[in-house]
file protein-v4.pdb (PDB, C-alpha atoms and all ligand atoms)
MODEL        1
ATOM      1  CA  MET J  23      55.954 159.780 122.842
ATOM      2  CA  THR J  24      56.070 163.572 122.735
ATOM      3  CA  GLN J  25      57.374 164.040 126.210
ATOM      4  CA  THR J  26      60.308 166.432 126.300
ATOM      5  CA  LEU J  27      63.027 165.491 128.698
ATOM      6  CA  ASP J  28      65.359 168.018 130.221
ATOM      7  CA  LEU J  29      68.440 165.880 130.205
ATOM      8  CA  GLY J  30      71.000 168.648 130.225
ATOM      9  CA  PRO J  31      74.223 168.460 128.194
ATOM     10  CA  ARG J  32      75.307 165.108 126.876
ATOM     11  CA  VAL J  33      78.537 163.915 128.434
ATOM     12  CA  GLU J  34      79.153 160.672 126.572
ATOM     13  CA  LEU J  35      77.420 158.317 124.180
ATOM     14  CA  VAL J  36      77.580 154.622 123.379
ATOM     15  CA  SER J  37      75.910 154.258 120.002
ATOM     16  CA  MET J  38      75.515 150.478 120.166
ATOM     17  CA  ASP J  39      75.265 148.722 123.496
ATOM     18  CA  PRO J  40      77.178 145.454 123.016
ATOM     19  CA  HIS J  41      75.138 143.728 125.731
ATOM     20  CA  PHE J  42      71.588 144.811 124.942
ATOM     21  CA  HIS J  43      70.202 144.830 121.369
ATOM     22  CA  ASP J  44      72.677 147.487 120.156
ATOM     23  CA  ILE J  45      70.560 150.226 121.708
ATOM     24  CA  THR J  46      72.027 153.731 121.964
ATOM     25  CA  ILE J  47      72.736 154.838 125.520
ATOM     26  CA  ALA J  48      73.961 158.236 126.622
ATOM     27  CA  LEU J  49      75.160 159.873 129.784
ATOM     28  CA  TYR J  50      73.782 163.334 130.492
ATOM     29  CA  SER J  51      74.536 165.928 133.112
ATOM     30  CA  PRO J  52      71.197 167.488 134.053
ATOM     31  CA  GLY J  53      72.467 169.101 137.228
ATOM     32  CA  SER J  54      70.434 168.862 140.384
ATOM     33  CA  ASP J  55      69.922 171.953 142.530
ATOM     34  CA  GLY J  56      73.202 173.281 141.194
ATOM     35  CA  GLN J  57      74.985 170.057 142.188
ATOM     36  CA  PRO J  58      76.794 168.114 139.460
ATOM     37  CA  ALA J  59      74.870 164.914 138.703
ATOM     38  CA  TYR J  60      74.621 162.378 135.907
ATOM     39  CA  LEU J  61      71.758 160.559 134.239
ATOM     40  CA  ILE J  62      71.925 157.466 132.033
ATOM     41  CA  HIS J  63      69.285 157.583 129.322
ATOM     42  CA  THR J  64      68.143 155.742 126.211
ATOM     43  CA  TYR J  65      65.482 156.705 123.708
ATOM     44  CA  SER J  66      65.055 153.030 122.872
ATOM     45  CA  SER J  67      61.662 151.463 123.505
ATOM     46  CA  VAL J  68      62.952 147.885 123.253
ATOM     47  CA  PRO J  69      61.367 145.862 126.079
ATOM     48  CA  GLY J  70      63.877 145.530 128.895
ATOM     49  CA  ALA J  71      65.687 148.774 128.075
ATOM     50  CA  ASP J  72      64.681 150.293 131.419
ATOM     51  CA  GLU J  73      66.114 147.294 133.249
ATOM     52  CA  ARG J  74      69.340 147.583 131.255
ATOM     53  CA  ILE J  75      69.631 151.257 132.285
ATOM     54  CA  ALA J  76      68.960 150.324 135.921
ATOM     55  CA  CYS J  77      71.681 147.675 135.701
ATOM     56  CA  LEU J  78      74.141 150.230 134.286
ATOM     57  CA  ARG J  79      73.248 152.652 137.048
ATOM     58  CA  GLN J  80      74.182 149.994 139.600
ATOM     59  CA  THR J  81      77.399 149.140 137.737
ATOM     60  CA  MET J  82      78.482 152.800 137.691
ATOM     61  CA  GLN J  83      77.950 152.967 141.450
ATOM     62  CA  THR J  84      80.035 149.850 141.985
ATOM     63  CA  LEU J  85      82.877 150.621 139.578
ATOM     64  CA  GLY J  86      83.054 154.369 140.083
ATOM     65  CA  GLY J  87      82.106 154.699 143.726
ATOM     66  CA  MET J  88      79.184 156.879 142.648
ATOM     67  CA  GLU J  89      75.952 157.187 144.582
ATOM     68  CA  ALA J  90      72.295 157.350 143.558
ATOM     69  CA  ILE J  91      70.491 160.508 144.590
ATOM     70  CA  GLY J  92      66.985 159.780 143.403
ATOM     71  CA  GLU J  93      65.195 160.224 140.059
ATOM     72  CA  GLY J  94      67.826 158.028 138.487
ATOM     73  CA  LEU J  95      70.594 160.534 139.124
ATOM     74  CA  LEU J  96      74.136 159.592 140.021
ATOM     75  CA  ARG J  97      76.898 161.651 141.544
ATOM     76  CA  PHE J  98      80.264 161.339 143.181
ATOM     77  CA  PRO J  99      80.011 161.485 146.997
ATOM     78  CA  CYS J 100      82.425 164.448 147.126
ATOM     79  CA  GLY J 101      79.910 166.543 145.171
ATOM     80  CA  HIS J 102      82.421 167.402 142.427
ATOM     81  CA  ALA J 103      81.644 166.684 138.770
ATOM     82  CA  HIS J 104      84.869 164.870 137.710
ATOM     83  CA  PRO J 105      83.462 164.792 134.149
ATOM     84  CA  LEU J 106      86.279 162.890 132.476
ATOM     85  CA  ALA J 107      86.204 160.220 135.175
ATOM     86  CA  ALA J 108      82.416 159.980 134.889
ATOM     87  CA  ARG J 109      82.768 159.372 131.144
ATOM     88  CA  ARG J 110      85.271 156.617 131.771
ATOM     89  CA  VAL J 111      83.034 154.964 134.392
ATOM     90  CA  PHE J 112      80.133 155.112 131.946
ATOM     91  CA  LEU J 113      82.086 153.680 128.988
ATOM     92  CA  ASP J 114      83.573 150.846 131.018
ATOM     93  CA  SER J 115      80.218 150.042 132.619
ATOM     94  CA  CYS J 116      78.604 149.747 129.173
ATOM     95  CA  LYS J 117      81.371 147.458 127.948
ATOM     96  CA  LEU J 118      81.194 145.107 130.890
ATOM     97  CA  SER J 119      78.994 142.048 130.624
ATOM     98  CA  PRO J 120      76.003 142.460 132.979
ATOM     99  CA  GLU J 121      76.574 138.926 134.334
ATOM    100  CA  PRO J 122      78.120 138.379 136.774
ATOM    101  CA  ALA J 123      77.441 141.648 138.584
ATOM    102  CA  ALA J 124      80.382 144.059 138.639
ATOM    103  CA  GLU J 125      82.749 144.192 141.572
ATOM    104  CA  PRO J 126      85.023 147.075 142.571
ATOM    105  CA  ARG J 127      88.466 146.874 140.964
ATOM    106  CA  PRO J 128      91.497 146.281 143.161
ATOM    107  CA  LEU J 129      94.116 148.981 143.737
ATOM    108  CA  HIS J 130      96.785 147.097 141.827
ATOM    109  CA  VAL J 131      97.414 146.317 138.195
ATOM    110  CA  PHE J 132      99.709 143.998 136.284
ATOM    111  CA  ASP J 133     101.903 146.094 134.025
ATOM    112  CA  LYS J 134     102.884 144.154 130.901
ATOM    113  CA  LYS J 135     105.667 146.561 129.935
ATOM    114  CA  SER J 136     107.615 145.966 133.138
ATOM    115  CA  ASP J 137     106.257 142.457 133.731
ATOM    116  CA  GLY J 138     105.377 143.373 137.314
ATOM    117  CA  THR J 139     102.536 144.482 139.509
ATOM    118  CA  ILE J 140     102.021 148.108 140.454
ATOM    119  CA  THR J 141      99.852 149.110 143.395
ATOM    120  CA  VAL J 142      98.279 152.428 144.248
ATOM    121  CA  ALA J 143      98.103 153.547 147.859
ATOM    122  CA  SER J 144      95.654 156.084 149.202
ATOM    123  CA  LEU J 145      97.541 158.612 151.314
ATOM    124  CA  GLY J 146      94.383 160.457 152.378
ATOM    125  CA  ASN J 147      92.810 163.755 151.313
ATOM    126  CA  GLY J 148      92.517 162.599 147.717
ATOM    127  CA  LEU J 149      96.241 161.907 147.375
ATOM    128  CA  TYR J 150      97.346 158.642 145.713
ATOM    129  CA  GLU J 151     100.770 157.126 145.145
ATOM    130  CA  ALA J 152     101.785 154.447 142.629
ATOM    131  CA  ARG J 153     104.329 151.924 143.949
ATOM    132  CA  PRO J 154     106.001 148.740 142.729
ATOM    133  CA  ALA J 155     104.238 145.789 144.367
ATOM    134  CA  ASP J 156     107.464 143.829 144.598
ATOM    135  CA  ASN J 157     111.148 144.355 143.986
ATOM    136  CA  ALA J 158     110.861 143.422 140.344
ATOM    137  CA  GLN J 159     113.305 145.257 138.121
ATOM    138  CA  GLY J 160     111.678 147.723 135.809
ATOM    139  CA  THR J 161     108.473 148.520 137.674
ATOM    140  CA  GLU J 162     110.256 151.375 139.485
ATOM    141  CA  ARG J 163     110.508 153.282 136.222
ATOM    142  CA  ARG J 164     106.905 152.567 135.325
ATOM    143  CA  VAL J 165     105.233 153.852 138.487
ATOM    144  CA  ALA J 166     105.533 157.484 137.398
ATOM    145  CA  THR J 167     103.969 156.544 134.053
ATOM    146  CA  ILE J 168     101.091 154.875 135.867
ATOM    147  CA  ALA J 169     100.651 157.951 138.079
ATOM    148  CA  ARG J 170     100.569 160.169 134.989
ATOM    149  CA  GLY J 171      98.055 157.810 133.404
ATOM    150  CA  LEU J 172      95.743 158.185 136.398
ATOM    151  CA  MET J 173      96.235 161.942 136.271
ATOM    152  CA  ARG J 174      95.104 162.137 132.650
ATOM    153  CA  LEU J 175      92.250 159.649 132.899
ATOM    154  CA  GLY J 176      90.850 161.149 136.096
ATOM    155  CA  GLU J 177      91.753 164.807 135.505
ATOM    156  CA  MET J 178      93.829 164.698 138.654
ATOM    157  CA  GLU J 179      96.497 167.150 139.765
ATOM    158  CA  GLU J 180     100.254 166.936 139.721
ATOM    159  CA  VAL J 181     102.074 166.862 143.030
ATOM    160  CA  ASP J 182     105.230 168.995 143.084
ATOM    161  CA  GLY J 183     108.396 166.912 143.233
ATOM    162  CA  GLN J 184     106.441 163.648 143.548
ATOM    163  CA  PRO J 185     106.164 162.082 140.094
ATOM    164  CA  ASN J 186     104.643 158.905 141.576
ATOM    165  CA  GLN J 187     101.774 160.790 143.206
ATOM    166  CA  THR J 188      98.615 162.424 141.980
ATOM    167  CA  ARG J 189      95.703 164.092 143.709
ATOM    168  CA  PHE J 190      91.983 164.679 143.204
ATOM    169  CA  SER J 191      91.253 168.391 143.260
ATOM    170  CA  CYS J 192      88.269 167.750 145.558
ATOM    171  CA  GLY J 193      90.678 166.517 148.228
ATOM    172  CA  GLN J 194      88.616 163.396 148.881
ATOM    173  CA  GLU J 195      89.173 159.687 148.467
ATOM    174  CA  HIS J 196      87.934 157.850 145.386
ATOM    175  CA  ASP J 197      89.315 154.330 145.834
ATOM    176  CA  ASP J 198      86.761 152.618 143.569
ATOM    177  CA  LEU J 199      87.363 155.179 140.858
ATOM    178  CA  ILE J 200      91.139 154.769 141.123
ATOM    179  CA  GLY J 201      90.715 150.997 140.784
ATOM    180  CA  LEU J 202      88.723 151.516 137.596
ATOM    181  CA  LEU J 203      91.136 154.050 136.083
ATOM    182  CA  LEU J 204      94.111 151.900 137.044
ATOM    183  CA  VAL J 205      93.085 149.169 134.583
ATOM    184  CA  ARG J 206      93.736 151.651 131.769
ATOM    185  CA  ALA J 207      96.537 153.677 133.290
ATOM    186  CA  PRO J 208      99.361 151.593 131.747
ATOM    187  CA  ASN J 209      98.052 152.428 128.276
ATOM    188  CA  VAL J 210      96.439 155.825 128.485
ATOM    189  CA  ARG J 211      96.892 156.773 124.870
ATOM    190  CA  ALA J 212      94.754 153.830 123.748
ATOM    191  CA  ALA J 213      92.095 154.657 126.335
ATOM    192  CA  MET J 214      91.844 158.283 125.238
ATOM    193  CA  ARG J 215      91.741 157.324 121.565
ATOM    194  CA  GLU J 216      88.969 154.828 122.233
ATOM    195  CA  ALA J 217      86.864 157.472 123.978
ATOM    196  CA  GLU J 218      87.292 159.820 121.019
ATOM    197  CA  ASP J 219      86.403 157.077 118.540
ATOM    198  CA  MET J 220      83.271 156.164 120.429
ATOM    199  CA  ALA J 221      82.216 159.794 120.642
ATOM    200  CA  SER J 222      82.690 160.452 116.919
ATOM    201  CA  ARG J 223      80.977 157.204 115.914
ATOM    202  CA  GLY J 224      78.099 158.081 118.209
ATOM    203  CA  VAL J 225      77.605 161.462 116.577
ATOM    204  CA  LEU J 226      77.302 159.805 113.157
ATOM    205  CA  ALA J 227      75.097 156.936 114.285
ATOM    206  CA  ALA J 228      72.593 158.728 116.450
ATOM    207  CA  PRO J 229      71.962 162.350 115.457
ATOM    208  CA  SER J 230      68.535 162.230 117.169
ATOM    209  CA  ALA J 231      70.215 161.805 120.524
ATOM    210  CA  GLN J 232      71.846 165.198 120.176
ATOM    211  CA  GLU J 233      68.636 167.222 120.313
TER     212      GLU J 233
HETATM  213 ZN    ZN O   1      85.974 164.051 144.191
ENDMDL
END
call {"tool": "encode", "arguments": {"input": "protein-v4.pdb", "output": "structure tokens", "more": "lines below"}}
Ligand SMILES: [Zn+2]
result
Amino acid sequence: MTQTLDLGPRVELVSMDPHFHDITIALYSPGSDGQPAYLIHTYSSVPGADERIACLRQTMQTLGGMEAIGEGLLRFPCGHAHPLAARRVFLDSCKLSPEPAAEPRPLHVFDKKSDGTITVASLGNGLYEARPADNAQGTERRVATIARGLMRLGEMEEVDGQPNQTRFSCGQEHDDLIGLLLVRAPNVRAAMREAEDMASRGVLAAPSAQE
């Protein structure tokens, strides 16, 4: 196959797909008429690889609230790139078992450190607030940590004087995305480290994918 693909810059790479023959899968940002868009691609010719990519495309739509815009491209409905969030959606989609089909994550998470549940409320215009789900002692202190976790994972903005709130710079709602990020928000440091590990491993394992 000598076909040259214009995939654009590589955003993220999973060097060994745990759910499909250890194939290497990458997320690219080819851009589409100047609009930020993403493309999942593999150079693998293993039979079924195309179906695996199609499955991942569907999972990213479900978990990240992304939408398909033809030619296999995905984007966020707001039209903004949100690159860090897109990476996270991609990594989590690759990790998830393809069966049963993915479902959107709820807007609450059990926080082990405070032994309580923390919810996230959408206040509109891309603004979100972390709140204790019950009156459990300890969760009150943790909500600001959860909000900061979302901020880092989703490249969101601080809200002056509101440590429990965070906002998407696009000013639009991303409930599905928040649900996905929320799973990792209580332990952001581990999530960031994992992304770095995967990226560095990928570079060593699949130099051909960097062309
Ligand atoms: Zn947005």
call {"tool": "residues_near_ligand", "arguments": {"input": "protein-v4.pdb", "ligand": "ligand ZN 1 (chain O)", "cutoff": "8 Å", "atoms": "only C-alpha atoms and all ligand atoms", "output": "VMD selection string"}}
result
chain J and resid 98 to 104 148 190 to 196
call {"tool": "residues_around", "arguments": {"input": "protein-v4.pdb", "residues": "Pro122 in chain J", "least_positions_apart": "4", "cutoff": "12 Å", "atoms": "only C-alpha atoms", "output": "compact mmCIF listing (two decimals) with C-alpha atoms, in the coordinates of the input"}}
result
# COMPACT_ATOMS: atom_id res chain seq x y z
CA CYS J 77 71.68 147.68 135.70
CA THR J 81 77.40 149.14 137.74
CA LEU J 118 81.19 145.11 130.89
call {"tool": "atom_distance", "arguments": {"input": "protein-v4.pdb", "atom1": "CA of Val165 in chain J", "atom2": "CA of Arg153 in chain J"}}
result
5.9 Å
call {"tool": "resolve_selection", "arguments": {"input": "protein-v4.pdb", "expression": "the PyMOL selection byres (((chain J and resi 65) around 8) and not hetatm)", "output": "number ranges by chain"}}
result
J: 46-47, 63-64, 66-67, 231
call {"tool": "resolve_selection", "arguments": {"input": "protein-v4.pdb", "expression": "the PyMOL selection byres (((chain J and resi 111-117) around 8) and not hetatm)", "output": "list in words"}}
result
Glu34, Val36, Asp39, Pro40, His41, Leu49, Leu78, Thr81, Met82, Leu85, Gly86, Ala107, Ala108, Arg109, Arg110, Leu118, Ser119, Leu199, Leu202 and Ala217 of chain J
call {"tool": "write_last_selection", "arguments": {"input": "protein-v4.pdb", "atoms": "C-alpha atoms", "output": "PDB file, in the coordinates of the input"}}
result
ATOM      1  CA  GLU J  34      79.153 160.672 126.572  1.00  0.00           C
ATOM      2  CA  VAL J  36      77.580 154.622 123.379  1.00  0.00           C
ATOM      3  CA  ASP J  39      75.265 148.722 123.496  1.00  0.00           C
ATOM      4  CA  PRO J  40      77.178 145.454 123.016  1.00  0.00           C
ATOM      5  CA  HIS J  41      75.138 143.728 125.731  1.00  0.00           C
ATOM      6  CA  LEU J  49      75.160 159.873 129.784  1.00  0.00           C
ATOM      7  CA  LEU J  78      74.141 150.230 134.286  1.00  0.00           C
ATOM      8  CA  THR J  81      77.399 149.140 137.737  1.00  0.00           C
ATOM      9  CA  MET J  82      78.482 152.800 137.691  1.00  0.00           C
ATOM     10  CA  LEU J  85      82.877 150.621 139.578  1.00  0.00           C
ATOM     11  CA  GLY J  86      83.054 154.369 140.083  1.00  0.00           C
ATOM     12  CA  ALA J 107      86.204 160.220 135.175  1.00  0.00           C
ATOM     13  CA  ALA J 108      82.416 159.980 134.889  1.00  0.00           C
ATOM     14  CA  ARG J 109      82.768 159.372 131.144  1.00  0.00           C
ATOM     15  CA  ARG J 110      85.271 156.617 131.771  1.00  0.00           C
ATOM     16  CA  LEU J 118      81.194 145.107 130.890  1.00  0.00           C
ATOM     17  CA  SER J 119      78.994 142.048 130.624  1.00  0.00           C
ATOM     18  CA  LEU J 199      87.363 155.179 140.858  1.00  0.00           C
ATOM     19  CA  LEU J 202      88.723 151.516 137.596  1.00  0.00           C
ATOM     20  CA  ALA J 217      86.864 157.472 123.978  1.00  0.00           C
TER      21      ALA J 217
END
call {"tool": "atom_distance", "arguments": {"input": "protein-v4.pdb", "atom1": "CA of Gln184 in chain J", "atom2": "CA of Thr161 in chain J"}}
result
16.4 Å
call {"tool": "atom_distance", "arguments": {"input": "protein-v4.pdb", "atom1": "CA of Gly87 in chain J", "atom2": "CA of Glu216 in chain J"}}
result
22.6 Å
call {"tool": "closest_residue", "arguments": {"input": "protein-v4.pdb", "among": "J:Gly171, J:Gly30, J:Leu61, J:Thr139", "to": "Met88 in chain J", "atoms": "only C-alpha atoms"}}
result
J:Leu61
call {"tool": "resolve_selection", "arguments": {"input": "protein-v4.pdb", "expression": "the PyMOL selection byres (((chain J and resi 50) around 9) and not hetatm)", "output": "list in words"}}
result
Leu29, Gly30, Pro31, Arg32, Val33, Glu34, Leu35, Ala48, Leu49, Ser51, Pro52, Gly53, Ala59, Tyr60, Leu61, Ile62 and His63 of chain J
call {"tool": "residues_near_point", "arguments": {"input": "protein-v4.pdb", "point": "(91.7, 146.1, 136.9)", "cutoff": "7 Å", "atoms": "only C-alpha atoms", "output": "PyMOL selection string"}}
result
chain J and resi 127-128+131+201-202+204-205
call {"tool": "axis_aligned_box", "arguments": {"input": "protein-v4.pdb", "around": "range 129-135 of chain J", "padding_each_side": "6 Å", "output": "lines of an AutoDock Vina configuration file"}}
result
center_x = 99.9
center_y = 146.5
center_z = 136.8
size_x = 23.6
size_y = 17.0
size_z = 25.8
call {"tool": "closest_residue", "arguments": {"input": "protein-v4.pdb", "among": "J:Leu95, J:Pro69, J:Pro208, J:Asp197", "to": "Gly138 in chain J", "atoms": "all atoms listed in the file"}}
result
J:Pro208
call {"tool": "closest_residue", "arguments": {"input": "protein-v4.pdb", "among": "J:Arg97, J:Arg206, J:Arg74, J:Arg170", "to": "Lys134 in chain J", "atoms": "all atoms listed in the file"}}
result
J:Arg206
call {"tool": "closest_residue", "arguments": {"input": "protein-v4.pdb", "among": "J:Ala71, J:Leu129, J:Leu172, J:Ile91", "to": "Thr188 in chain J", "atoms": "all atoms listed in the file"}}
result
J:Leu172
call {"tool": "closest_residue", "arguments": {"input": "protein-v4.pdb", "among": "J:Ala152, J:Asp182, J:Ala169, J:Arg189", "to": "Val210 in chain J", "atoms": "only C-alpha atoms"}}
result
J:Ala169
